[in-house]
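See below for the structure under consideration.
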Amino acid sequence: MYSLIKPLLFSVDAETVHDFAMKISSLSPALGSLGGIPLDERLMTQVGSCTWTFPVGLAAGLDKNADSLEFFSRQGFGAVECGTVTLQPQDGNPKPRVFRYPEEESLRNAMGFPNRGFMAMDAKLRAFEGRTPIGVNMGKNKETSAEESINELALIYETLTDHGDYFVVNVSSPNTPGLRAFQEVSYLTELFSELKKLQAIYHKDLYLKIAPDLEAAKVRELAQFVEAQKLTGLIATNTTIKPELGTGGVSGKLLTKKAHEIHELILAEDLSSELIGVGGFSHPTDLFRYWGLGGKAIQIYSAYVFQGPALLRNFKTAIHSFLETNQLTSLQSFFDLPKSERIKCVKDYPAYSVE
Ligand SMILES: Cc1cc2nc3c(=O)[nH]c(=O)nc-3n(C[C@H](O)[C@H](O)[C@H](O)COP(=O)(O)O)c2cc1C
């Protein structure tokens, strides 16, 4: 079905199609079951304090205002991350600001966090009744200073905490001027000391989302920071800068290699905090390669745009075959194995391949 309508959809500007799809999916959430994967208890996965219903979640940025949580939950995503949401509504950068690279199954976006603000999201989160964990990805408004941003993010966390399941601080978008400088440990220490005071009351998981364009030493520093601060984990990575293609951030297959290198660096640190892997996952082989590093849950954005709901069905079939081959009764029993045993299971699996 998706492959039939895709040529038509791809003949129109990317953001126009996105807005149209969001309208349909918010008005008719039951359509999400069409081509979606039904809940399968054997594939549930513990990530922080949340039980993901499938190890593949929806990455931030597609459902910026939490308009279509039920639709994406019915599609079968194991967790749905909405946002980035800011305190005040904002329009984002001038259009056009989303570009497709179909040959490379990649996107470039320079959106700049367009969203209706956290109060509008509050109502949407309240209305969702499904089992799928909902993540709230939070960012600062364009004009907000570093100092002010701490209070802003704390207010968003505190207000949305009853209806979101995990919260993400996004300091890694290339589309808000100077934002990536917010990946400095001195700023993050101040920010998370405020957020952790609230977390002691509300107990909702806290993640930091990072860029792929960081030096290896910086990635290790941030991973150790998350561990030392006892945050729930890192989400890596956001989009990458490729000035030769234009402004904004690039996602999809053009990001796969870079994101994989970052995952490798973080997972080699052997930390007890979580890593949610994101960046260019488009085929089950990518997931097996990530598990072969010791990774667990992932998120996807671009490959879903190019492949539609068949993407999740392919992942599900591949994961089932993997569990059967290894005579495992559930995915959680795989993740409960020691890391070295997990890596061995994956590397001995015939469908695992390294380019
Ligand atoms: C059009 C578009 C908008 C995005 N908006 C956000 C956003 O608002 N916040 C965020 O943290 N990430 C955002 N992202 C980044 C994705 O969440 C993800 O980190 C990135 O696309 C890499 O995953 P992928 O290769 O599967 O697309 C956006 C990505 C795209 C393509």
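Ligands are numbered from 1 in the order shown, chains are lettered A, B, ... in the order of the structure tokens, and residues start at 1 in each chain.
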Inset, instruction - Could you tell me, counting only C-alpha atoms and all ligand atoms, which protein and nucleic acid residues lie no more than 6 Å from ligand 1, written as an NGL selection string? - result: :A and (59-61 or 83-84 or 98 or 107 or 109 or 113 or 170 or 237-239 or 251-252 or 278-281 or 300-303)
Restricted to N, CA and C atoms, what would the selected residues look like written as a PDB file, in the first residue's frame?
ATOM      1  N   ALA A  59      11.770   8.083  16.647  1.00  0.00           N
ATOM      2  CA  ALA A  59      12.667   9.167  17.087  1.00  0.00           C
ATOM      3  C   ALA A  59      11.923  10.503  17.121  1.00  0.00           C
ATOM      4  N   ALA A  60      12.482  11.443  17.851  1.00  0.00           N
ATOM      5  CA  ALA A  60      11.872  12.771  17.990  1.00  0.00           C
ATOM      6  C   ALA A  60      11.833  13.499  16.652  1.00  0.00           C
ATOM      7  N   GLY A  61      10.874  14.403  16.528  1.00  0.00           N
ATOM      8  CA  GLY A  61      10.836  15.306  15.381  1.00  0.00           C
ATOM      9  C   GLY A  61       9.731  14.994  14.401  1.00  0.00           C
ATOM     10  N   GLY A  83       8.006  15.813  20.352  1.00  0.00           N
ATOM     11  CA  GLY A  83       8.859  16.992  20.462  1.00  0.00           C
ATOM     12  C   GLY A  83       9.825  17.055  19.288  1.00  0.00           C
ATOM     13  N   THR A  84      10.746  17.962  19.319  1.00  0.00           N
ATOM     14  CA  THR A  84      11.168  18.764  20.454  1.00  0.00           C
ATOM     15  C   THR A  84      10.119  19.833  20.763  1.00  0.00           C
ATOM     16  N   VAL A  98      12.937  21.058   4.735  1.00  0.00           N
ATOM     17  CA  VAL A  98      13.144  19.601   4.766  1.00  0.00           C
ATOM     18  C   VAL A  98      13.384  19.131   3.327  1.00  0.00           C
ATOM     19  N   LEU A 107      17.465  12.284   4.667  1.00  0.00           N
ATOM     20  CA  LEU A 107      16.773  13.569   4.725  1.00  0.00           C
ATOM     21  C   LEU A 107      17.757  14.625   5.240  1.00  0.00           C
ATOM     22  N   ASN A 109      17.254  18.366   7.261  1.00  0.00           N
ATOM     23  CA  ASN A 109      16.253  19.315   7.760  1.00  0.00           C
ATOM     24  C   ASN A 109      16.913  20.453   8.498  1.00  0.00           C
ATOM     25  N   PHE A 113      13.007  23.610  15.476  1.00  0.00           N
ATOM     26  CA  PHE A 113      11.998  23.343  16.516  1.00  0.00           C
ATOM     27  C   PHE A 113      10.664  24.080  16.338  1.00  0.00           C
ATOM     28  N   ASN A 170      17.406  17.921  24.671  1.00  0.00           N
ATOM     29  CA  ASN A 170      17.990  17.952  23.330  1.00  0.00           C
ATOM     30  C   ASN A 170      18.899  19.164  23.205  1.00  0.00           C
ATOM     31  N   THR A 237      22.249   9.153  17.869  1.00  0.00           N
ATOM     32  CA  THR A 237      22.625  10.542  17.738  1.00  0.00           C
ATOM     33  C   THR A 237      21.522  11.357  17.062  1.00  0.00           C
ATOM     34  N   ASN A 238      21.709  12.659  17.142  1.00  0.00           N
ATOM     35  CA  ASN A 238      20.895  13.581  16.359  1.00  0.00           C
ATOM     36  C   ASN A 238      21.432  13.597  14.914  1.00  0.00           C
ATOM     37  N   THR A 239      20.999  14.527  14.111  1.00  0.00           N
ATOM     38  CA  THR A 239      21.425  14.597  12.703  1.00  0.00           C
ATOM     39  C   THR A 239      22.861  15.128  12.606  1.00  0.00           C
ATOM     40  N   SER A 251      20.091  13.016   8.072  1.00  0.00           N
ATOM     41  CA  SER A 251      19.699  11.784   8.767  1.00  0.00           C
ATOM     42  C   SER A 251      19.526  10.676   7.738  1.00  0.00           C
ATOM     43  N   GLY A 252      19.309   9.445   8.218  1.00  0.00           N
ATOM     44  CA  GLY A 252      19.129   8.321   7.307  1.00  0.00           C
ATOM     45  C   GLY A 252      20.455   7.655   6.991  1.00  0.00           C
ATOM     46  N   VAL A 278      20.230   5.733  17.808  1.00  0.00           N
ATOM     47  CA  VAL A 278      19.450   6.314  16.704  1.00  0.00           C
ATOM     48  C   VAL A 278      20.429   6.885  15.692  1.00  0.00           C
ATOM     49  N   GLY A 279      20.045   6.821  14.416  1.00  0.00           N
ATOM     50  CA  GLY A 279      20.913   7.347  13.371  1.00  0.00           C
ATOM     51  C   GLY A 279      21.149   6.333  12.279  1.00  0.00           C
ATOM     52  N   GLY A 280      20.319   6.412  11.228  1.00  0.00           N
ATOM     53  CA  GLY A 280      20.558   5.606  10.038  1.00  0.00           C
ATOM     54  C   GLY A 280      20.218   4.131  10.152  1.00  0.00           C
ATOM     55  N   PHE A 281      19.397   3.741  11.105  1.00  0.00           N
ATOM     56  CA  PHE A 281      18.942   2.346  11.145  1.00  0.00           C
ATOM     57  C   PHE A 281      17.867   2.178  10.071  1.00  0.00           C
ATOM     58  N   ILE A 300      13.999   5.167  15.165  1.00  0.00           N
ATOM     59  CA  ILE A 300      14.089   5.397  13.716  1.00  0.00           C
ATOM     60  C   ILE A 300      13.214   6.589  13.330  1.00  0.00           C
ATOM     61  N   TYR A 301      13.696   7.368  12.384  1.00  0.00           N
ATOM     62  CA  TYR A 301      12.879   8.405  11.758  1.00  0.00           C
ATOM     63  C   TYR A 301      12.916   8.220  10.238  1.00  0.00           C
ATOM     64  N   SER A 302      14.089   8.498   9.623  1.00  0.00           N
ATOM     65  CA  SER A 302      14.158   8.590   8.153  1.00  0.00           C
ATOM     66  C   SER A 302      13.724   7.315   7.436  1.00  0.00           C
ATOM     67  N   ALA A 303      14.173   6.157   7.891  1.00  0.00           N
ATOM     68  CA  ALA A 303      13.848   4.911   7.178  1.00  0.00           C
ATOM     69  C   ALA A 303      12.340   4.674   7.172  1.00  0.00           C
TER      70      ALA A 303
END
Please tabulate, as a Markdown table, the residues of range 31-126 of chain A that come within 12 Å of range 197-203 of chain A, each with its closest pair of atoms and the distance in Å to one decimal, counting only C-alpha atoms and ordering rows by chain, then residue number upward.
| residue | atom | partner | partner_atom | distance |
| --- | --- | --- | --- | --- |
| A:Gly48 | CA | A:His203 | CA | 11.2 |
| A:Ser49 | CA | A:His203 | CA | 9.2 |
| A:Cys50 | CA | A:His203 | CA | 11.5 |
Saved selection, atoms kept: all heavy atoms, as a short mmCIF file (atom, residue, chain, number, x, y, z; two decimals), in the first residue's frame:
data_model
loop_
_atom_site.label_atom_id
_atom_site.label_comp_id
_atom_site.auth_asym_id
_atom_site.auth_seq_id
_atom_site.Cartn_x
_atom_site.Cartn_y
_atom_site.Cartn_z
N GLY A 48 15.47 1.66 30.89
CA GLY A 48 15.31 2.53 32.05
C GLY A 48 14.15 1.99 32.86
O GLY A 48 14.02 0.77 33.07
N SER A 49 13.23 2.87 33.27
CA SER A 49 12.08 2.36 34.04
C SER A 49 10.87 2.11 33.15
O SER A 49 9.79 1.83 33.64
CB SER A 49 11.72 3.34 35.16
OG SER A 49 11.24 4.53 34.58
N CYS A 50 11.04 2.21 31.83
CA CYS A 50 9.91 2.00 30.90
C CYS A 50 9.97 0.62 30.27
O CYS A 50 11.05 0.11 29.97
CB CYS A 50 9.97 3.03 29.76
SG CYS A 50 9.78 4.72 30.31
#
Inset, instruction - Pick out the closest residue to Arg74 in chain A from this set: A:Pro7, A:Pro38, A:Gly233, A:Gly112. Count only C-alpha atoms. - result: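 Looking at the shortest contact to Arg74 in chain A, the residue is A:Pro38.
What separates CA of Phe306 in chain A from CA of Trp52 in chain A is a distance of 23.6 Å.
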Legend entry - Shell of 10 Å around Gln46 in chain A, only C-alpha atoms, local chain residues under 5 positions omitted, as a list in words: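 Once the adjacent positions are removed, what remains is Thr51, Trp52, Thr53, Phe54, Pro55, Lys296, Ala297, Leu331, Gln332, Phe335 and Asp336 of chain A.
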Any chance you could list, as a JSON list (two decimals) with N, CA and C atoms, in the first residue's frame, the residues in range 79-307 of chain A that come up strand (DSSP E) when DSSP is run on the backbone?
[["chain", "number", "residue", "atom", "x", "y", "z"],
["A", 80, "VAL", "N", 7.25, 6.06, 21.70],
["A", 80, "VAL", "CA", 7.08, 7.18, 20.77],
["A", 80, "VAL", "C", 7.62, 8.43, 21.46],
["A", 81, "GLU", "N", 8.64, 9.04, 20.84],
["A", 81, "GLU", "CA", 9.21, 10.26, 21.42],
["A", 81, "GLU", "C", 8.65, 11.47, 20.69],
["A", 82, "CYS", "N", 7.91, 12.31, 21.41],
["A", 82, "CYS", "CA", 7.36, 13.50, 20.76],
["A", 82, "CYS", "C", 8.27, 14.70, 21.04],
["A", 83, "GLY", "N", 8.01, 15.81, 20.35],
["A", 83, "GLY", "CA", 8.86, 16.99, 20.46],
["A", 83, "GLY", "C", 9.82, 17.06, 19.29],
["A", 84, "THR", "N", 10.75, 17.96, 19.32],
["A", 84, "THR", "CA", 11.17, 18.76, 20.45],
["A", 84, "THR", "C", 10.12, 19.83, 20.76],
["A", 85, "VAL", "N", 9.77, 19.90, 22.07],
["A", 85, "VAL", "CA", 8.84, 20.91, 22.53],
["A", 85, "VAL", "C", 9.62, 21.99, 23.27],
["A", 98, "VAL", "N", 12.94, 21.06, 4.73],
["A", 98, "VAL", "CA", 13.14, 19.60, 4.77],
["A", 98, "VAL", "C", 13.38, 19.13, 3.33],
["A", 99, "PHE", "N", 14.46, 18.36, 3.13],
["A", 99, "PHE", "CA", 14.85, 17.94, 1.78],
["A", 99, "PHE", "C", 15.10, 16.43, 1.77],
["A", 100, "ARG", "N", 14.67, 15.79, 0.66],
["A", 100, "ARG", "CA", 14.85, 14.32, 0.56],
["A", 100, "ARG", "C", 16.02, 13.99, -0.35],
["A", 101, "TYR", "N", 16.68, 12.86, -0.03],
["A", 101, "TYR", "CA", 17.71, 12.26, -0.89],
["A", 101, "TYR", "C", 17.30, 10.80, -1.07],
["A", 106, "SER", "N", 17.80, 9.27, 2.67],
["A", 106, "SER", "CA", 18.26, 10.24, 3.67],
["A", 106, "SER", "C", 17.45, 11.53, 3.58],
["A", 107, "LEU", "N", 17.46, 12.28, 4.67],
["A", 107, "LEU", "CA", 16.77, 13.57, 4.73],
["A", 107, "LEU", "C", 17.76, 14.62, 5.24],
["A", 108, "ARG", "N", 17.47, 15.87, 4.89],
["A", 108, "ARG", "CA", 18.20, 16.99, 5.51],
["A", 108, "ARG", "C", 17.15, 17.96, 6.00],
["A", 109, "ASN", "N", 17.25, 18.37, 7.26],
["A", 109, "ASN", "CA", 16.25, 19.32, 7.76],
["A", 109, "ASN", "C", 16.91, 20.45, 8.50],
["A", 134, "ILE", "N", 5.72, 6.97, 26.27],
["A", 134, "ILE", "CA", 5.83, 8.23, 25.51],
["A", 134, "ILE", "C", 7.01, 9.04, 26.07],
["A", 135, "GLY", "N", 7.93, 9.36, 25.18],
["A", 135, "GLY", "CA", 9.04, 10.22, 25.56],
["A", 135, "GLY", "C", 8.73, 11.66, 25.20],
["A", 136, "VAL", "N", 9.22, 12.57, 26.01],
["A", 136, "VAL", "CA", 9.05, 14.01, 25.71],
["A", 136, "VAL", "C", 10.44, 14.61, 25.51],
["A", 137, "ASN", "N", 10.68, 15.05, 24.28],
["A", 137, "ASN", "CA", 11.97, 15.64, 23.94],
["A", 137, "ASN", "C", 11.85, 17.16, 24.10],
["A", 138, "MET", "N", 12.69, 17.74, 24.98],
["A", 138, "MET", "CA", 12.55, 19.16, 25.35],
["A", 138, "MET", "C", 13.75, 19.96, 24.84],
["A", 166, "TYR", "N", 9.25, 9.27, 29.73],
["A", 166, "TYR", "CA", 10.66, 9.62, 29.88],
["A", 166, "TYR", "C", 10.88, 10.98, 29.22],
["A", 167, "PHE", "N", 11.94, 11.66, 29.66],
["A", 167, "PHE", "CA", 12.20, 13.03, 29.20],
["A", 167, "PHE", "C", 13.62, 13.13, 28.65],
["A", 168, "VAL", "N", 13.74, 13.91, 27.59],
["A", 168, "VAL", "CA", 15.02, 14.01, 26.89],
["A", 168, "VAL", "C", 15.42, 15.48, 26.78],
["A", 169, "VAL", "N", 16.63, 15.79, 27.15],
["A", 169, "VAL", "CA", 17.14, 17.14, 26.92],
["A", 169, "VAL", "C", 17.89, 17.11, 25.60],
["A", 170, "ASN", "N", 17.41, 17.92, 24.67],
["A", 170, "ASN", "CA", 17.99, 17.95, 23.33],
["A", 170, "ASN", "C", 18.90, 19.16, 23.21],
["A", 205, "ASP", "N", 12.25, 9.15, 34.02],
["A", 205, "ASP", "CA", 13.58, 8.96, 33.42],
["A", 205, "ASP", "C", 14.06, 10.21, 32.69],
["A", 206, "LEU", "N", 15.37, 10.42, 32.76],
["A", 206, "LEU", "CA", 15.98, 11.59, 32.11],
["A", 206, "LEU", "C", 17.11, 11.15, 31.19],
["A", 207, "TYR", "N", 17.05, 11.60, 29.95],
["A", 207, "TYR", "CA", 18.10, 11.29, 28.97],
["A", 207, "TYR", "C", 18.70, 12.58, 28.42],
["A", 208, "LEU", "N", 19.91, 12.43, 27.90],
["A", 208, "LEU", "CA", 20.57, 13.52, 27.17],
["A", 208, "LEU", "C", 20.76, 13.06, 25.73],
["A", 209, "LYS", "N", 20.33, 13.87, 24.77],
["A", 209, "LYS", "CA", 20.50, 13.50, 23.35],
["A", 209, "LYS", "C", 21.66, 14.28, 22.77],
["A", 210, "ILE", "N", 22.59, 13.56, 22.13],
["A", 210, "ILE", "CA", 23.82, 14.22, 21.67],
["A", 210, "ILE", "C", 23.97, 14.16, 20.14],
["A", 233, "GLY", "N", 20.18, 7.78, 30.79],
["A", 233, "GLY", "CA", 21.06, 7.39, 29.69],
["A", 233, "GLY", "C", 21.24, 8.47, 28.64],
["A", 234, "LEU", "N", 21.89, 8.03, 27.56],
["A", 234, "LEU", "CA", 22.13, 8.90, 26.40],
["A", 234, "LEU", "C", 21.22, 8.47, 25.26],
["A", 235, "ILE", "N", 20.85, 9.41, 24.42],
["A", 235, "ILE", "CA", 20.25, 9.08, 23.13],
["A", 235, "ILE", "C", 21.23, 9.60, 22.09],
["A", 236, "ALA", "N", 21.71, 8.70, 21.26],
["A", 236, "ALA", "CA", 22.73, 9.08, 20.28],
["A", 236, "ALA", "C", 22.42, 8.37, 18.96],
["A", 249, "GLY", "N", 20.63, 19.51, 9.27],
["A", 249, "GLY", "CA", 21.20, 18.25, 9.72],
["A", 249, "GLY", "C", 20.74, 17.11, 8.84],
["A", 250, "VAL", "N", 21.64, 16.16, 8.60],
["A", 250, "VAL", "CA", 21.35, 15.04, 7.69],
["A", 250, "VAL", "C", 21.09, 13.78, 8.51],
["A", 251, "SER", "N", 20.09, 13.02, 8.07],
["A", 251, "SER", "CA", 19.70, 11.78, 8.77],
["A", 251, "SER", "C", 19.53, 10.68, 7.74],
["A", 252, "GLY", "N", 19.31, 9.44, 8.22],
["A", 252, "GLY", "CA", 19.13, 8.32, 7.31],
["A", 252, "GLY", "C", 20.45, 7.66, 6.99],
["A", 274, "GLU", "N", 21.68, 3.64, 30.28],
["A", 274, "GLU", "CA", 21.15, 3.15, 29.01],
["A", 274, "GLU", "C", 21.78, 3.92, 27.83],
["A", 275, "LEU", "N", 21.78, 3.26, 26.66],
["A", 275, "LEU", "CA", 22.01, 3.99, 25.41],
["A", 275, "LEU", "C", 20.84, 3.65, 24.50],
["A", 276, "ILE", "N", 20.12, 4.66, 24.04],
["A", 276, "ILE", "CA", 19.13, 4.44, 22.99],
["A", 276, "ILE", "C", 19.82, 4.85, 21.69],
["A", 277, "GLY", "N", 19.98, 3.89, 20.79],
["A", 277, "GLY", "CA", 20.72, 4.14, 19.55],
["A", 277, "GLY", "C", 19.79, 4.70, 18.49],
["A", 278, "VAL", "N", 20.23, 5.73, 17.81],
["A", 278, "VAL", "CA", 19.45, 6.31, 16.70],
["A", 278, "VAL", "C", 20.43, 6.88, 15.69],
["A", 298, "ILE", "N", 16.53, 0.85, 19.93],
["A", 298, "ILE", "CA", 16.88, 1.87, 18.94],
["A", 298, "ILE", "C", 15.65, 2.72, 18.60],
["A", 299, "GLN", "N", 15.91, 3.81, 17.90],
["A", 299, "GLN", "CA", 14.83, 4.65, 17.35],
["A", 299, "GLN", "C", 15.09, 4.87, 15.86],
["A", 300, "ILE", "N", 14.00, 5.17, 15.16],
["A", 300, "ILE", "CA", 14.09, 5.40, 13.72],
["A", 300, "ILE", "C", 13.21, 6.59, 13.33]]
Inset, instruction - Write out as a ChimeraX atom specification the residues lying within 7 Å of Ala66 in chain A, counting only C-alpha atoms and excluding same-chain residues fewer than 5 positions away. - result: /A:82,121,124-125
Inset, instruction - Could you check which of A:Thr240, A:Ser193, A:Gln75, A:Ser186 is closest to Leu312 in chain A, using only C-alpha atoms? - result: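 Comparing A:Thr240, A:Ser193, A:Gln75, A:Ser186 against Leu312 in chain A, the winner is A:Gln75.
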Legend entry - Atomic separation - CA of Arg313 in chain A relative to CA of Phe71 in chain A, Å: 15.7 Å
Legend entry - Distance query Glu215 in chain A at most 12 Å, only C-alpha atoms, self and fewer than 5 positions along chain excluded, as number ranges by chain: A: 183, 210, 220-222, 258, 261-262, 265
With C-alpha atoms retained, export the selected residues as a PDB file, in the first residue's frame.
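Saved as out-v2.pdb:
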ATOM      1  CA  GLN A 183      26.870  20.118  25.262  1.00  0.00           C
ATOM      2  CA  ILE A 210      23.820  14.216  21.665  1.00  0.00           C
ATOM      3  CA  ARG A 220      33.347   9.656  26.255  1.00  0.00           C
ATOM      4  CA  GLU A 221      33.201  12.705  28.534  1.00  0.00           C
ATOM      5  CA  LEU A 222      29.441  13.018  28.039  1.00  0.00           C
ATOM      6  CA  LYS A 258      28.958   8.044  11.818  1.00  0.00           C
ATOM      7  CA  GLU A 261      30.993   4.815  15.386  1.00  0.00           C
ATOM      8  CA  ILE A 262      29.483   6.898  18.193  1.00  0.00           C
ATOM      9  CA  LEU A 265      32.521   4.432  21.484  1.00  0.00           C
TER      10      LEU A 265
END
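Ranking A:Ile266, A:Trp291, A:Gly308, A:Leu337 by their shortest atom-to-atom distance to Leu4 in chain A, with only C-alpha atoms included, puts A:Gly308 first.
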Inset, instruction - Would you please work out which residue, of A:Gly57, A:Gly76, A:Pro212, A:Gly248, is nearest to Asn93 in chain A when using only C-alpha atoms? - result: A:Gly248
Inset, instruction - Considering only C-alpha atoms, state which residue in the set A:Gly35, A:Gly178, A:Pro89, A:Gly164 is at the smallest distance from Glu129 in chain A. - result: A:Gly164
Legend entry - Secondary structure check, helix (DSSP H, G or I) residues of range 57-222 of chain A, as a PyMOL selection string: chain A and resi 69-75+102-104+118-127+146-160+179-183+185-202+216-222
Legend entry - Pairwise distance for CA of Val17 in chain A and CA of Pro96 in chain A, rounded to one decimal in Å: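 CA of Pro96 in chain A lies 12.4 Å from CA of Val17 in chain A.
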Inset, instruction - Identify which of the residues A:Gly78, A:Ala30, A:Lys196, A:Asn115 lies closest to Asn65 in chain A, counting only C-alpha atoms when measuring atom-to-atom distances. - result: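 Nearest candidate to Asn65 in chain A out of A:Gly78, A:Ala30, A:Lys196, A:Asn115: A:Asn115.
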